[in-house]
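Containing mmCIF, C-alpha atoms: upload_16.cif.
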```
data_structure
loop_
_atom_site.group_PDB
_atom_site.id
_atom_site.type_symbol
_atom_site.label_atom_id
_atom_site.label_comp_id
_atom_site.auth_asym_id
_atom_site.auth_seq_id
_atom_site.Cartn_x
_atom_site.Cartn_y
_atom_site.Cartn_z
ATOM 1 C CA MET S 126 21.680 134.394 77.962
ATOM 2 C CA ALA S 127 20.664 131.301 79.954
ATOM 3 C CA ALA S 128 23.323 128.877 81.118
ATOM 4 C CA SER S 129 22.114 126.152 78.723
ATOM 5 C CA ASP S 130 22.128 128.615 75.802
ATOM 6 C CA THR S 131 25.636 129.686 76.733
ATOM 7 C CA GLU S 132 26.828 126.072 76.835
ATOM 8 C CA THR S 133 25.201 125.320 73.465
ATOM 9 C CA ALA S 134 26.779 128.406 71.890
ATOM 10 C CA GLN S 135 30.183 127.374 73.258
ATOM 11 C CA GLN S 136 29.783 123.856 71.855
ATOM 12 C CA GLN S 137 29.074 125.343 68.422
ATOM 13 C CA ILE S 138 32.151 127.589 68.644
ATOM 14 C CA ASP S 139 34.335 124.647 69.650
ATOM 15 C CA GLU S 140 33.105 122.463 66.800
ATOM 16 C CA ILE S 141 33.444 125.220 64.177
ATOM 17 C CA GLU S 142 37.017 125.970 65.278
ATOM 18 C CA ALA S 143 37.932 122.291 65.277
ATOM 19 C CA LEU S 144 36.465 121.664 61.801
ATOM 20 C CA SER S 145 38.149 124.790 60.430
ATOM 21 C CA SER S 146 41.462 123.465 61.719
ATOM 22 C CA ILE S 147 40.853 119.988 60.293
ATOM 23 C CA TYR S 148 39.667 120.976 56.800
ATOM 24 C CA GLY S 149 41.664 124.187 56.250
ATOM 25 C CA GLU S 150 40.975 125.721 52.821
ATOM 26 C CA ASP S 151 38.128 123.259 52.203
ATOM 27 C CA TRP S 152 36.183 124.891 55.057
ATOM 28 C CA CYS S 153 34.215 127.988 54.022
ATOM 29 C CA VAL S 154 32.144 130.473 56.056
ATOM 30 C CA VAL S 155 29.080 131.329 53.968
ATOM 31 C CA ASP S 156 27.278 133.510 56.536
ATOM 32 C CA GLU S 157 28.733 133.881 60.033
ATOM 33 C CA ASP S 158 25.633 135.591 61.496
ATOM 34 C CA GLU S 159 23.293 132.887 60.224
ATOM 35 C CA LYS S 160 25.762 130.110 61.092
ATOM 36 C CA ILE S 161 25.977 128.791 57.510
ATOM 37 C CA TYR S 162 29.129 126.897 56.542
ATOM 38 C CA CYS S 163 30.332 124.786 53.617
ATOM 39 C CA ILE S 164 32.865 121.950 53.393
ATOM 40 C CA LYS S 165 34.247 121.024 49.971
ATOM 41 C CA ILE S 166 34.925 117.299 49.567
ATOM 42 C CA ASN S 167 36.647 115.751 46.565
ATOM 43 C CA ASP S 168 38.456 112.576 45.545
ATOM 44 C CA CYS S 169 41.895 114.260 45.924
ATOM 45 C CA LEU S 170 42.973 113.457 42.386
ATOM 46 C CA ASP S 171 45.162 115.991 40.588
ATOM 47 C CA GLN S 172 42.111 116.859 38.540
ATOM 48 C CA PRO S 173 39.162 115.848 40.787
ATOM 49 C CA LYS S 174 36.342 114.042 39.051
ATOM 50 C CA TRP S 175 34.072 113.956 42.070
ATOM 51 C CA THR S 176 33.436 117.118 44.077
ATOM 52 C CA LEU S 177 30.772 117.518 46.718
ATOM 53 C CA CYS S 178 29.860 120.568 48.783
ATOM 54 C CA LEU S 179 28.269 119.925 52.165
ATOM 55 C CA GLN S 180 26.484 123.104 53.277
ATOM 56 C CA VAL S 181 25.305 123.155 56.886
ATOM 57 C CA ILE S 182 23.186 125.542 58.925
ATOM 58 C CA LEU S 183 23.528 125.364 62.704
ATOM 59 C CA PRO S 184 20.221 126.241 64.412
ATOM 60 C CA PRO S 185 20.341 127.901 67.865
ATOM 61 C CA GLY S 186 19.674 124.603 69.656
ATOM 62 C CA TYR S 187 22.452 122.598 67.975
ATOM 63 C CA PRO S 188 23.870 120.211 69.150
ATOM 64 C CA ALA S 189 21.855 119.635 72.336
ATOM 65 C CA ALA S 190 18.288 120.082 71.096
ATOM 66 C CA GLU S 191 18.256 120.629 67.305
ATOM 67 C CA PRO S 192 19.967 118.784 64.446
ATOM 68 C CA PRO S 193 21.950 120.660 61.812
ATOM 69 C CA ILE S 194 20.244 121.535 58.537
ATOM 70 C CA TYR S 195 22.304 120.488 55.534
ATOM 71 C CA GLN S 196 22.399 120.420 51.759
ATOM 72 C CA LEU S 197 24.564 118.265 49.532
ATOM 73 C CA LYS S 198 25.614 119.816 46.240
ATOM 74 C CA GLN S 199 27.323 117.668 43.621
ATOM 75 C CA ASN S 200 28.581 118.310 40.113
ATOM 76 C CA LEU S 201 25.955 117.632 37.455
ATOM 77 C CA GLY S 202 25.842 114.638 35.150
ATOM 78 C CA GLU S 203 26.155 111.815 37.690
ATOM 79 C CA SER S 204 23.545 109.612 39.408
ATOM 80 C CA ILE S 205 24.534 109.891 43.037
ATOM 81 C CA LEU S 206 21.497 109.261 45.302
ATOM 82 C CA TYR S 207 22.143 105.533 45.766
ATOM 83 C CA LEU S 208 25.755 106.167 46.826
ATOM 84 C CA TRP S 209 24.640 108.791 49.343
ATOM 85 C CA VAL S 210 22.053 106.486 50.896
ATOM 86 C CA GLU S 211 24.463 103.558 51.174
ATOM 87 C CA LYS S 212 27.212 105.706 52.670
ATOM 88 C CA ILE S 213 24.820 107.039 55.299
ATOM 89 C CA ARG S 214 23.714 103.466 56.024
ATOM 90 C CA GLU S 215 27.381 102.446 56.417
ATOM 91 C CA VAL S 216 27.958 105.223 58.950
ATOM 92 C CA LEU S 217 24.824 104.300 60.925
ATOM 93 C CA ILE S 218 25.794 100.620 61.078
ATOM 94 C CA GLU S 219 29.289 101.532 62.271
ATOM 95 C CA LYS S 220 27.827 103.824 64.933
ATOM 96 C CA ALA S 221 25.387 101.145 66.121
ATOM 97 C CA GLN S 222 28.196 98.592 66.474
ATOM 98 C CA SER S 223 30.504 100.936 68.352
ATOM 99 C CA SER S 224 30.764 101.076 72.140
ATOM 100 C CA GLY S 225 28.509 103.217 74.295
ATOM 101 C CA PRO S 226 28.789 106.991 74.705
ATOM 102 C CA GLU S 227 31.867 108.436 76.296
ATOM 103 C CA PRO S 228 31.628 109.638 79.887
ATOM 104 C CA ASP S 229 30.997 113.284 80.674
ATOM 105 C CA ILE S 230 34.212 115.239 80.926
ATOM 106 C CA LYS S 231 34.912 117.846 83.565
ATOM 107 C CA LYS S 232 37.043 120.297 81.672
ATOM 108 C CA THR S 233 39.389 122.809 83.199
ATOM 109 C CA SER S 234 39.363 126.277 82.182
ATOM 110 C CA GLU S 235 41.436 132.231 80.774
ATOM 111 C CA GLU S 236 44.030 136.086 76.787
ATOM 112 C CA VAL S 237 40.899 138.078 77.921
ATOM 113 C CA ASP S 238 40.184 141.145 75.802
ATOM 114 C CA GLU S 239 37.257 143.417 74.985
ATOM 115 C CA ASP S 240 35.937 141.083 72.284
ATOM 116 C CA ASP S 241 36.391 137.766 74.019
ATOM 117 C CA GLY S 242 35.578 137.688 77.699
ATOM 118 C CA ASP S 243 34.121 134.871 79.732
ATOM 119 C CA ASP S 244 30.639 134.877 78.168
ATOM 120 C CA PHE S 245 31.301 131.321 77.015
ATOM 121 C CA VAL S 246 32.900 129.300 79.786
ATOM 122 C CA LEU S 247 33.132 125.537 79.430
ATOM 123 C CA ASP S 248 31.794 123.217 82.091
ATOM 124 C CA CYS S 249 35.012 123.081 84.055
ATOM 125 C CA GLN S 250 36.791 124.429 87.069
ATOM 126 C CA PRO S 251 39.665 126.859 86.434
ATOM 127 C CA ILE S 252 42.966 125.516 87.711
ATOM 128 C CA HIS S 253 45.445 128.231 88.556
ATOM 129 C CA GLU S 254 47.959 125.960 90.231
ATOM 130 C CA ASP S 255 50.986 124.383 88.592
ATOM 131 C CA PRO S 256 49.539 121.680 86.248
ATOM 132 C CA VAL S 257 52.204 119.186 87.381
ATOM 133 C CA LYS S 258 51.333 119.736 91.034
ATOM 134 C CA MET S 259 47.653 119.269 90.188
ATOM 135 C CA LEU S 260 48.297 115.958 88.442
ATOM 136 C CA ASN S 261 50.469 114.918 91.391
ATOM 137 C CA TYR S 262 47.437 115.462 93.609
ATOM 138 C CA ILE S 263 45.164 113.522 91.259
ATOM 139 C CA THR S 264 47.449 110.483 91.089
ATOM 140 C CA SER S 265 48.494 110.496 94.752
ATOM 141 C CA GLY S 266 45.575 108.299 95.783
ATOM 142 C CA SER S 267 46.934 105.217 94.026
ATOM 143 C CA GLN S 268 50.066 103.237 94.789
ATOM 144 C CA GLU S 269 53.273 104.823 93.503
ATOM 145 C CA VAL S 270 54.613 102.889 90.537
ATOM 146 C CA ASP S 271 57.578 103.868 88.409
ATOM 147 C CA GLU S 272 56.365 104.663 84.909
ATOM 148 C CA GLU S 273 58.638 104.758 81.900
ATOM 149 C CA LEU S 274 58.962 108.229 80.409
ATOM 150 C CA PRO S 275 57.369 108.102 76.946
ATOM 151 C CA PRO S 276 59.117 109.726 73.980
ATOM 152 C CA ILE S 277 58.250 113.390 73.575
ATOM 153 C CA HIS S 278 57.913 114.972 70.135
ATOM 154 C CA HIS S 279 57.832 118.664 69.266
ATOM 155 C CA GLY S 280 55.884 120.222 66.409
ATOM 156 C CA ASN S 281 56.750 123.166 64.209
ATOM 157 C CA PRO S 282 56.010 126.543 65.828
ATOM 158 C CA ILE S 283 53.454 129.033 64.510
ATOM 159 C CA THR S 284 54.138 132.762 65.023
ATOM 160 C CA ASP S 285 51.533 135.493 64.656
ATOM 161 C CA ARG S 286 51.955 139.119 65.793
ATOM 162 C CA ARG S 287 54.881 138.218 68.060
ATOM 163 C CA SER S 288 53.003 135.392 69.800
ATOM 164 C CA THR S 289 54.451 131.928 69.208
ATOM 165 C CA PHE S 290 52.640 128.614 69.548
ATOM 166 C CA GLN S 291 54.285 125.180 69.605
ATOM 167 C CA ALA S 292 52.773 121.745 70.204
ATOM 168 C CA HIS S 293 54.394 118.835 72.032
ATOM 169 C CA LEU S 294 53.111 115.256 71.848
ATOM 170 C CA ALA S 295 53.707 112.045 73.800
ATOM 171 C CA PRO S 296 52.057 108.608 73.748
ATOM 172 C CA VAL S 297 50.525 107.893 77.172
ATOM 173 C CA VAL S 298 48.506 105.042 78.659
ATOM 174 C CA THR S 299 48.282 106.144 82.326
ATOM 175 C CA PRO S 300 47.821 109.456 84.182
ATOM 176 C CA ARG S 301 51.251 108.930 85.766
ATOM 177 C CA GLN S 302 52.823 109.007 82.325
ATOM 178 C CA VAL S 303 50.990 112.279 81.701
ATOM 179 C CA LYS S 304 52.514 113.618 84.925
ATOM 180 C CA ARG S 305 56.020 112.441 83.971
ATOM 181 C CA VAL S 306 55.796 114.027 80.523
ATOM 182 C CA LEU S 307 54.641 117.344 81.998
ATOM 183 C CA GLU S 308 57.461 117.261 84.538
ATOM 184 C CA LYS S 309 59.978 116.577 81.768
ATOM 185 C CA LEU S 310 58.626 119.409 79.629
ATOM 186 C CA TYR S 311 58.807 121.827 82.550
ATOM 187 C CA GLU S 312 62.507 120.996 82.936
ATOM 188 C CA ASN S 313 62.984 122.881 79.675
ATOM 189 C CA LYS S 314 63.418 126.536 80.682
ATOM 190 C CA LYS S 315 61.869 127.828 77.472
ATOM 191 C CA ILE S 316 58.732 125.717 77.868
ATOM 192 C CA ALA S 317 58.523 126.497 81.592
ATOM 193 C CA SER S 318 58.657 130.229 80.764
ATOM 194 C CA ALA S 319 55.741 130.034 78.294
ATOM 195 C CA THR S 320 52.787 132.266 79.125
ATOM 196 C CA HIS S 321 50.467 129.249 78.850
ATOM 197 C CA ASN S 322 51.037 125.514 78.557
ATOM 198 C CA ILE S 323 47.648 124.164 77.505
ATOM 199 C CA TYR S 324 47.198 120.413 77.417
ATOM 200 C CA ALA S 325 44.675 117.653 76.868
ATOM 201 C CA TYR S 326 44.938 113.887 76.893
ATOM 202 C CA ARG S 327 42.775 110.884 76.039
ATOM 203 C CA ILE S 328 43.520 107.373 77.311
ATOM 204 C CA TYR S 329 41.389 104.419 76.235
ATOM 205 C CA CYS S 330 40.629 101.986 79.074
ATOM 206 C CA GLU S 331 40.087 98.729 77.219
ATOM 207 C CA ASP S 332 38.815 96.790 80.241
ATOM 208 C CA LYS S 333 35.996 99.290 80.812
ATOM 209 C CA GLN S 334 35.729 100.378 77.158
ATOM 210 C CA THR S 335 35.732 104.010 78.243
ATOM 211 C CA PHE S 336 38.025 107.002 77.873
ATOM 212 C CA LEU S 337 40.009 108.640 80.638
ATOM 213 C CA GLN S 338 40.467 112.188 79.433
ATOM 214 C CA ASP S 339 41.117 115.630 80.861
ATOM 215 C CA CYS S 340 42.457 119.038 79.926
ATOM 216 C CA GLU S 341 44.068 122.145 81.383
ATOM 217 C CA ASP S 342 43.898 125.806 80.291
ATOM 218 C CA ASP S 343 46.870 127.103 82.296
ATOM 219 C CA GLY S 344 45.276 130.555 82.322
ATOM 220 C CA GLU S 345 44.048 130.603 78.691
ATOM 221 C CA THR S 346 40.285 130.539 79.187
ATOM 222 C CA ALA S 347 38.558 127.532 77.576
ATOM 223 C CA ALA S 348 41.634 126.613 75.512
ATOM 224 C CA GLY S 349 42.060 123.189 77.125
ATOM 225 C CA GLY S 350 38.448 122.255 76.504
ATOM 226 C CA ARG S 351 38.701 123.317 72.865
ATOM 227 C CA LEU S 352 41.873 121.263 72.461
ATOM 228 C CA LEU S 353 40.195 118.219 73.990
ATOM 229 C CA HIS S 354 37.171 118.726 71.724
ATOM 230 C CA LEU S 355 39.467 118.676 68.677
ATOM 231 C CA MET S 356 41.020 115.412 69.884
ATOM 232 C CA GLN S 357 37.539 113.923 70.380
ATOM 233 C CA ILE S 358 36.475 114.872 66.847
ATOM 234 C CA LEU S 359 39.697 113.368 65.467
ATOM 235 C CA ASN S 360 39.064 110.279 67.637
ATOM 236 C CA VAL S 361 42.660 110.039 68.859
ATOM 237 C CA HIS S 362 43.540 108.129 72.004
ATOM 238 C CA ASN S 363 46.484 107.186 74.210
ATOM 239 C CA VAL S 364 48.123 110.516 73.536
ATOM 240 C CA LEU S 365 48.907 113.755 75.372
ATOM 241 C CA VAL S 366 49.126 117.044 73.475
ATOM 242 C CA VAL S 367 50.597 120.162 75.083
ATOM 243 C CA VAL S 368 50.512 123.526 73.285
ATOM 244 C CA SER S 369 52.879 126.204 74.602
ATOM 245 C CA ARG S 370 52.108 129.839 73.918
ATOM 246 C CA TRP S 371 54.585 132.658 74.365
ATOM 247 C CA TYR S 372 52.543 135.879 74.426
ATOM 248 C CA GLY S 373 54.074 138.686 72.362
ATOM 249 C CA GLY S 374 52.172 141.639 73.801
ATOM 250 C CA ILE S 375 49.490 141.927 71.080
ATOM 251 C CA LEU S 376 46.011 140.538 71.699
ATOM 252 C CA LEU S 377 45.080 137.943 69.064
ATOM 253 C CA GLY S 378 41.433 137.459 70.047
ATOM 254 C CA PRO S 379 39.831 134.260 68.687
ATOM 255 C CA ASP S 380 42.814 133.688 66.350
ATOM 256 C CA ARG S 381 44.747 132.275 69.285
ATOM 257 C CA PHE S 382 42.384 129.312 69.483
ATOM 258 C CA LYS S 383 42.824 128.688 65.751
ATOM 259 C CA HIS S 384 46.596 128.577 66.204
ATOM 260 C CA ILE S 385 46.324 126.251 69.214
ATOM 261 C CA ASN S 386 44.131 123.828 67.256
ATOM 262 C CA ASN S 387 46.305 124.025 64.128
ATOM 263 C CA CYS S 388 49.475 123.308 66.121
ATOM 264 C CA ALA S 389 47.817 120.335 67.788
ATOM 265 C CA ARG S 390 46.391 118.887 64.594
ATOM 266 C CA ASN S 391 49.664 119.324 62.713
ATOM 267 C CA VAL S 392 51.662 117.378 65.294
ATOM 268 C CA LEU S 393 48.997 114.637 65.436
ATOM 269 C CA VAL S 394 49.183 114.292 61.651
ATOM 270 C CA GLU S 395 52.993 114.372 61.663
ATOM 271 C CA TYR S 396 53.199 111.466 64.111
ATOM 272 C CA ASN S 397 50.430 109.444 62.448
ATOM 273 C CA TYR S 398 47.737 109.740 65.095
ATOM 274 C CA VAL S 399 45.403 111.045 62.424
ATOM 275 C CA PRO S 400 45.773 110.975 58.628
ATOM 276 C CA SER S 401 45.920 114.174 56.630
ATOM 277 C CA VAL S 402 42.820 115.131 54.654
ATOM 278 C CA GLU S 403 44.554 114.018 51.434
ATOM 279 C CA GLU S 404 45.536 110.620 52.896
ATOM 280 C CA SER S 405 42.012 110.038 54.210
ATOM 281 C CA SER S 406 40.522 110.697 50.793
ATOM 282 C CA LYS S 407 43.049 108.443 49.045
ATOM 283 C CA GLN S 408 42.418 105.640 51.543
ATOM 284 C CA ALA S 409 38.669 106.001 51.052
ATOM 285 C CA GLY S 410 39.224 105.733 47.305
ATOM 286 C CA LYS S 411 41.275 102.544 47.721
ATOM 287 C CA SER S 412 38.596 100.994 49.950
ATOM 288 C CA LYS S 413 35.923 101.823 47.417
ATOM 289 C CA LYS S 414 37.984 100.264 44.597
ATOM 290 C CA THR S 415 38.550 97.122 46.691
ATOM 291 C CA ARG S 416 34.811 96.758 47.293
ATOM 292 C CA LYS S 417 34.133 97.155 43.576
ATOM 293 C CA ASP S 418 36.761 94.532 42.687
ATOM 294 C CA ASN S 419 35.332 92.087 45.246
ATOM 295 C CA LYS S 420 31.849 92.652 43.871
ATOM 296 C CA LYS S 421 33.023 91.936 40.318
ATOM 297 C CA ARG S 422 34.718 88.704 41.404
ATOM 298 C CA THR S 423 31.550 87.625 43.212
ATOM 299 C CA GLU S 424 29.405 88.305 40.133
ATOM 300 C CA HIS S 425 31.722 86.205 37.958
#
```
Produce structure tokens that represent the structure in this file.
Amino acid sequence: MAASDTETAQQQIDEIEALSSIYGEDWCVVDEDEKIYCIKINDCLDQPKWTLCLQVILPPGYPAAEPPIYQLKQNLGESILYLWVEKIREVLIEKAQSSGPEPDIKKTSEEVDEDDGDDFVLDCQPIHEDPVKMLNYITSGSQEVDEELPPIHHGNPITDRRSTFQAHLAPVVTPRQVKRVLEKLYENKKIASATHNIYAYRIYCEDKQTFLQDCEDDGETAAGGRLLHLMQILNVHNVLVVVSRWYGGILLGPDRFKHINNCARNVLVEYNYVPSVEESSKQAGKSKKTRKDNKKRTEH
């Protein structure tokens, strides 16, 4: 497999894992071999009136060279085409008015078992040193300034086959704060003894309108890049997420990445960096009702 094909395949894997974590039971694998997936979308009422199924097919060249192929399936009896067109137009306008593309990210990147080797390695350099020491090296070029230690929050752990995963979150606006949070976490003997402490952070630089972002695998191949990809999809910023894994002696294969993403998403939802799927749908419903009310007042 060529390097570009390998990178494209890895990008697809990352996106599928992130979307599965985000949408949970509403995400469905129709045909894994053919890369066909379905996302169920409804209005989140107790008895949903509107339900839509977005079925997507990922061609071999997606996302670099080929667009996804999709079908929208909606319950019968409703005229829906106008709403679809206007919603797509709304998304395109929002995209056109947003800032330019984010800079390329050099990701850092190893559980290796028979089923999941290094066939798909993200565009990053493995860092086998202490993550805190590495950040110390990165920030040493600038003048030393005391940074306030941000509050650190801990998510609920997930245990599967004797392996335990737990996410930690802190608001950050500078790389030095990232370093201070990591140092503080490593003072905890339990966290310091974890088999892997995977992390990713995104900091929005308002003056340059760009993102400062990075990630670390801490020996769990490609896990940092997948975590960062999830944070990019969720569009969170000014936050550091660390996921600790205590290995229990049983290989989990790809399930370990699902647990890492789920831990991260859960803690981001818990501390209001991203709304839950239910809250997003309810907010969308309120916005739609507001637009309708404004339109009625204008007509009268």
- Item | Target residues per the PyMOL selection byres ((chain S and resi 292) around 9), formatted as a PyMOL selection string | chain S and resi 278-282+290-291+293-294+366-370+385+388-392
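Remark: for S:Val181, the closest of the candidate residues S:Gln196, S:Ser318, S:Thr131, S:Asn386 is S:Gln196 (distances computed over all atoms listed in the file).
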- Message: Evaluated on this file, the PyMOL selection byres ((chain S and resi 364) around 9) picks out some residues - which ones are they, written as an MDAnalysis selection string?
- Response: chainID S and resid 294:298 303 325:328 361:363 365:366 398
- Considering only C-alpha atoms, state which residue in the set S:Val399, S:Ile218, S:Leu183, S:Ile323 is at the smallest distance from S:Ala348. S:Ile323
- Test item: the PyMOL selection byres ((chain S and resi 195) around 12) resolved as an MDAnalysis selection string: chainID S and resid 160:164 178:184 192:194 196:198
Please provide the set of residues having any atom within 8 Å of S:Ala143, restricted to all atoms listed in the file, with same-chain residues fewer than 5 positions apart removed, written as a compact mmCIF listing (two decimals) with C-alpha atoms, in the frame of the given file.
```txt
# COMPACT_ATOMS: atom_id res chain seq x y z
CA ARG S 351 38.70 123.32 72.86
CA HIS S 354 37.17 118.73 71.72
CA LEU S 355 39.47 118.68 68.68
CA ILE S 358 36.48 114.87 66.85
CA ASN S 386 44.13 123.83 67.26
```
- Query: How many Å lie between atom CA of S:Cys340 and atom CA of S:Met356, rounded to one decimal?
  - Reply: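 Pair atom CA of S:Cys340 / atom CA of S:Met356 returns 10.8 Å.
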- Query: What is the distance between atom CA of S:Tyr324 and atom CA of S:Leu310, in Å to one decimal?
  - Reply: 11.7 Å
- Query: Mind pulling up the distance from atom CA of S:Gly350 to atom CA of S:Asn313?
  - Reply: 24.7 Å
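Proximity to S:Pro275 was assessed for S:Glu308, S:Asp158, S:Glu345, S:Glu191 counting all atoms listed in the file; the smallest distance is recorded for S:Glu308.
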File contents for stretch 159-167 of chain S with all heavy atoms as a PDB file, in the first residue's frame:
```pdb
ATOM      1  N   GLU S 159     -17.436  -2.640   2.639  1.00  0.00           N
ATOM      2  CA  GLU S 159     -17.726  -1.645   1.608  1.00  0.00           C
ATOM      3  C   GLU S 159     -17.706  -0.220   2.145  1.00  0.00           C
ATOM      4  O   GLU S 159     -17.991   0.721   1.410  1.00  0.00           O
ATOM      5  CB  GLU S 159     -19.090  -1.939   0.966  1.00  0.00           C
ATOM      6  CG  GLU S 159     -19.171  -3.279   0.251  1.00  0.00           C
ATOM      7  CD  GLU S 159     -18.227  -3.362  -0.945  1.00  0.00           C
ATOM      8  OE1 GLU S 159     -18.011  -2.326  -1.591  1.00  0.00           O
ATOM      9  OE2 GLU S 159     -17.705  -4.472  -1.197  1.00  0.00           O
ATOM     10  N   LYS S 160     -17.419  -0.066   3.429  1.00  0.00           N
ATOM     11  CA  LYS S 160     -17.362   1.243   4.076  1.00  0.00           C
ATOM     12  C   LYS S 160     -18.703   1.999   3.949  1.00  0.00           C
ATOM     13  O   LYS S 160     -18.752   3.138   3.499  1.00  0.00           O
ATOM     14  CB  LYS S 160     -16.221   2.099   3.496  1.00  0.00           C
ATOM     15  CG  LYS S 160     -14.825   1.545   3.750  1.00  0.00           C
ATOM     16  CD  LYS S 160     -14.491   1.646   5.210  1.00  0.00           C
ATOM     17  CE  LYS S 160     -13.015   1.453   5.521  1.00  0.00           C
ATOM     18  NZ  LYS S 160     -12.247   0.569   4.716  1.00  0.00           N
ATOM     19  N   ILE S 161     -19.787   1.308   4.321  1.00  0.00           N
ATOM     20  CA  ILE S 161     -21.121   1.910   4.289  1.00  0.00           C
ATOM     21  C   ILE S 161     -21.601   2.077   5.733  1.00  0.00           C
ATOM     22  O   ILE S 161     -21.608   1.118   6.511  1.00  0.00           O
ATOM     23  CB  ILE S 161     -22.122   1.041   3.501  1.00  0.00           C
ATOM     24  CG1 ILE S 161     -21.608   0.794   2.077  1.00  0.00           C
ATOM     25  CG2 ILE S 161     -23.495   1.715   3.449  1.00  0.00           C
ATOM     26  CD1 ILE S 161     -22.483  -0.154   1.265  1.00  0.00           C
ATOM     27  N   TYR S 162     -22.004   3.298   6.069  1.00  0.00           N
ATOM     28  CA  TYR S 162     -22.408   3.605   7.441  1.00  0.00           C
ATOM     29  C   TYR S 162     -23.703   4.419   7.414  1.00  0.00           C
ATOM     30  O   TYR S 162     -24.057   5.023   6.404  1.00  0.00           O
ATOM     31  CB  TYR S 162     -21.315   4.393   8.173  1.00  0.00           C
ATOM     32  CG  TYR S 162     -19.971   3.721   8.107  1.00  0.00           C
ATOM     33  CD1 TYR S 162     -19.055   4.042   7.097  1.00  0.00           C
ATOM     34  CD2 TYR S 162     -19.613   2.742   9.030  1.00  0.00           C
ATOM     35  CE1 TYR S 162     -17.837   3.403   7.013  1.00  0.00           C
ATOM     36  CE2 TYR S 162     -18.394   2.104   8.962  1.00  0.00           C
ATOM     37  CZ  TYR S 162     -17.499   2.436   7.955  1.00  0.00           C
ATOM     38  OH  TYR S 162     -16.289   1.809   7.867  1.00  0.00           O
ATOM     39  N   CYS S 163     -24.395   4.443   8.555  1.00  0.00           N
ATOM     40  CA  CYS S 163     -25.661   5.167   8.641  1.00  0.00           C
ATOM     41  C   CYS S 163     -25.714   5.896   9.984  1.00  0.00           C
ATOM     42  O   CYS S 163     -25.324   5.341  11.010  1.00  0.00           O
ATOM     43  CB  CYS S 163     -26.828   4.201   8.509  1.00  0.00           C
ATOM     44  SG  CYS S 163     -28.452   5.004   8.570  1.00  0.00           S
ATOM     45  N   ILE S 164     -26.181   7.144   9.956  1.00  0.00           N
ATOM     46  CA  ILE S 164     -26.381   7.920  11.173  1.00  0.00           C
ATOM     47  C   ILE S 164     -27.868   8.283  11.253  1.00  0.00           C
ATOM     48  O   ILE S 164     -28.415   8.888  10.332  1.00  0.00           O
ATOM     49  CB  ILE S 164     -25.542   9.210  11.174  1.00  0.00           C
ATOM     50  CG1 ILE S 164     -24.069   8.880  10.945  1.00  0.00           C
ATOM     51  CG2 ILE S 164     -25.714   9.966  12.488  1.00  0.00           C
ATOM     52  CD1 ILE S 164     -23.204  10.105  10.711  1.00  0.00           C
ATOM     53  N   LYS S 165     -28.494   7.901  12.354  1.00  0.00           N
ATOM     54  CA  LYS S 165     -29.914   8.228  12.554  1.00  0.00           C
ATOM     55  C   LYS S 165     -30.011   9.579  13.243  1.00  0.00           C
ATOM     56  O   LYS S 165     -29.381   9.813  14.272  1.00  0.00           O
ATOM     57  CB  LYS S 165     -30.598   7.152  13.387  1.00  0.00           C
ATOM     58  CG  LYS S 165     -32.096   7.376  13.557  1.00  0.00           C
ATOM     59  CD  LYS S 165     -32.749   6.216  14.287  1.00  0.00           C
ATOM     60  CE  LYS S 165     -32.356   6.190  15.742  1.00  0.00           C
ATOM     61  NZ  LYS S 165     -33.104   5.149  16.508  1.00  0.00           N
ATOM     62  N   ILE S 166     -30.803  10.473  12.689  1.00  0.00           N
ATOM     63  CA  ILE S 166     -30.969  11.825  13.230  1.00  0.00           C
ATOM     64  C   ILE S 166     -32.452  12.058  13.470  1.00  0.00           C
ATOM     65  O   ILE S 166     -33.263  11.837  12.570  1.00  0.00           O
ATOM     66  CB  ILE S 166     -30.436  12.882  12.242  1.00  0.00           C
ATOM     67  CG1 ILE S 166     -29.023  12.513  11.768  1.00  0.00           C
ATOM     68  CG2 ILE S 166     -30.441  14.277  12.859  1.00  0.00           C
ATOM     69  CD1 ILE S 166     -28.568  13.264  10.527  1.00  0.00           C
ATOM     70  N   ASN S 167     -32.792  12.495  14.695  1.00  0.00           N
ATOM     71  CA  ASN S 167     -34.197  12.820  14.951  1.00  0.00           C
ATOM     72  C   ASN S 167     -34.297  14.089  15.772  1.00  0.00           C
ATOM     73  O   ASN S 167     -33.291  14.695  16.132  1.00  0.00           O
ATOM     74  CB  ASN S 167     -34.929  11.644  15.613  1.00  0.00           C
ATOM     75  CG  ASN S 167     -34.344  11.271  16.951  1.00  0.00           C
ATOM     76  OD1 ASN S 167     -34.083  12.137  17.782  1.00  0.00           O
ATOM     77  ND2 ASN S 167     -34.119   9.979  17.165  1.00  0.00           N
TER      78      ASN S 167
END
```
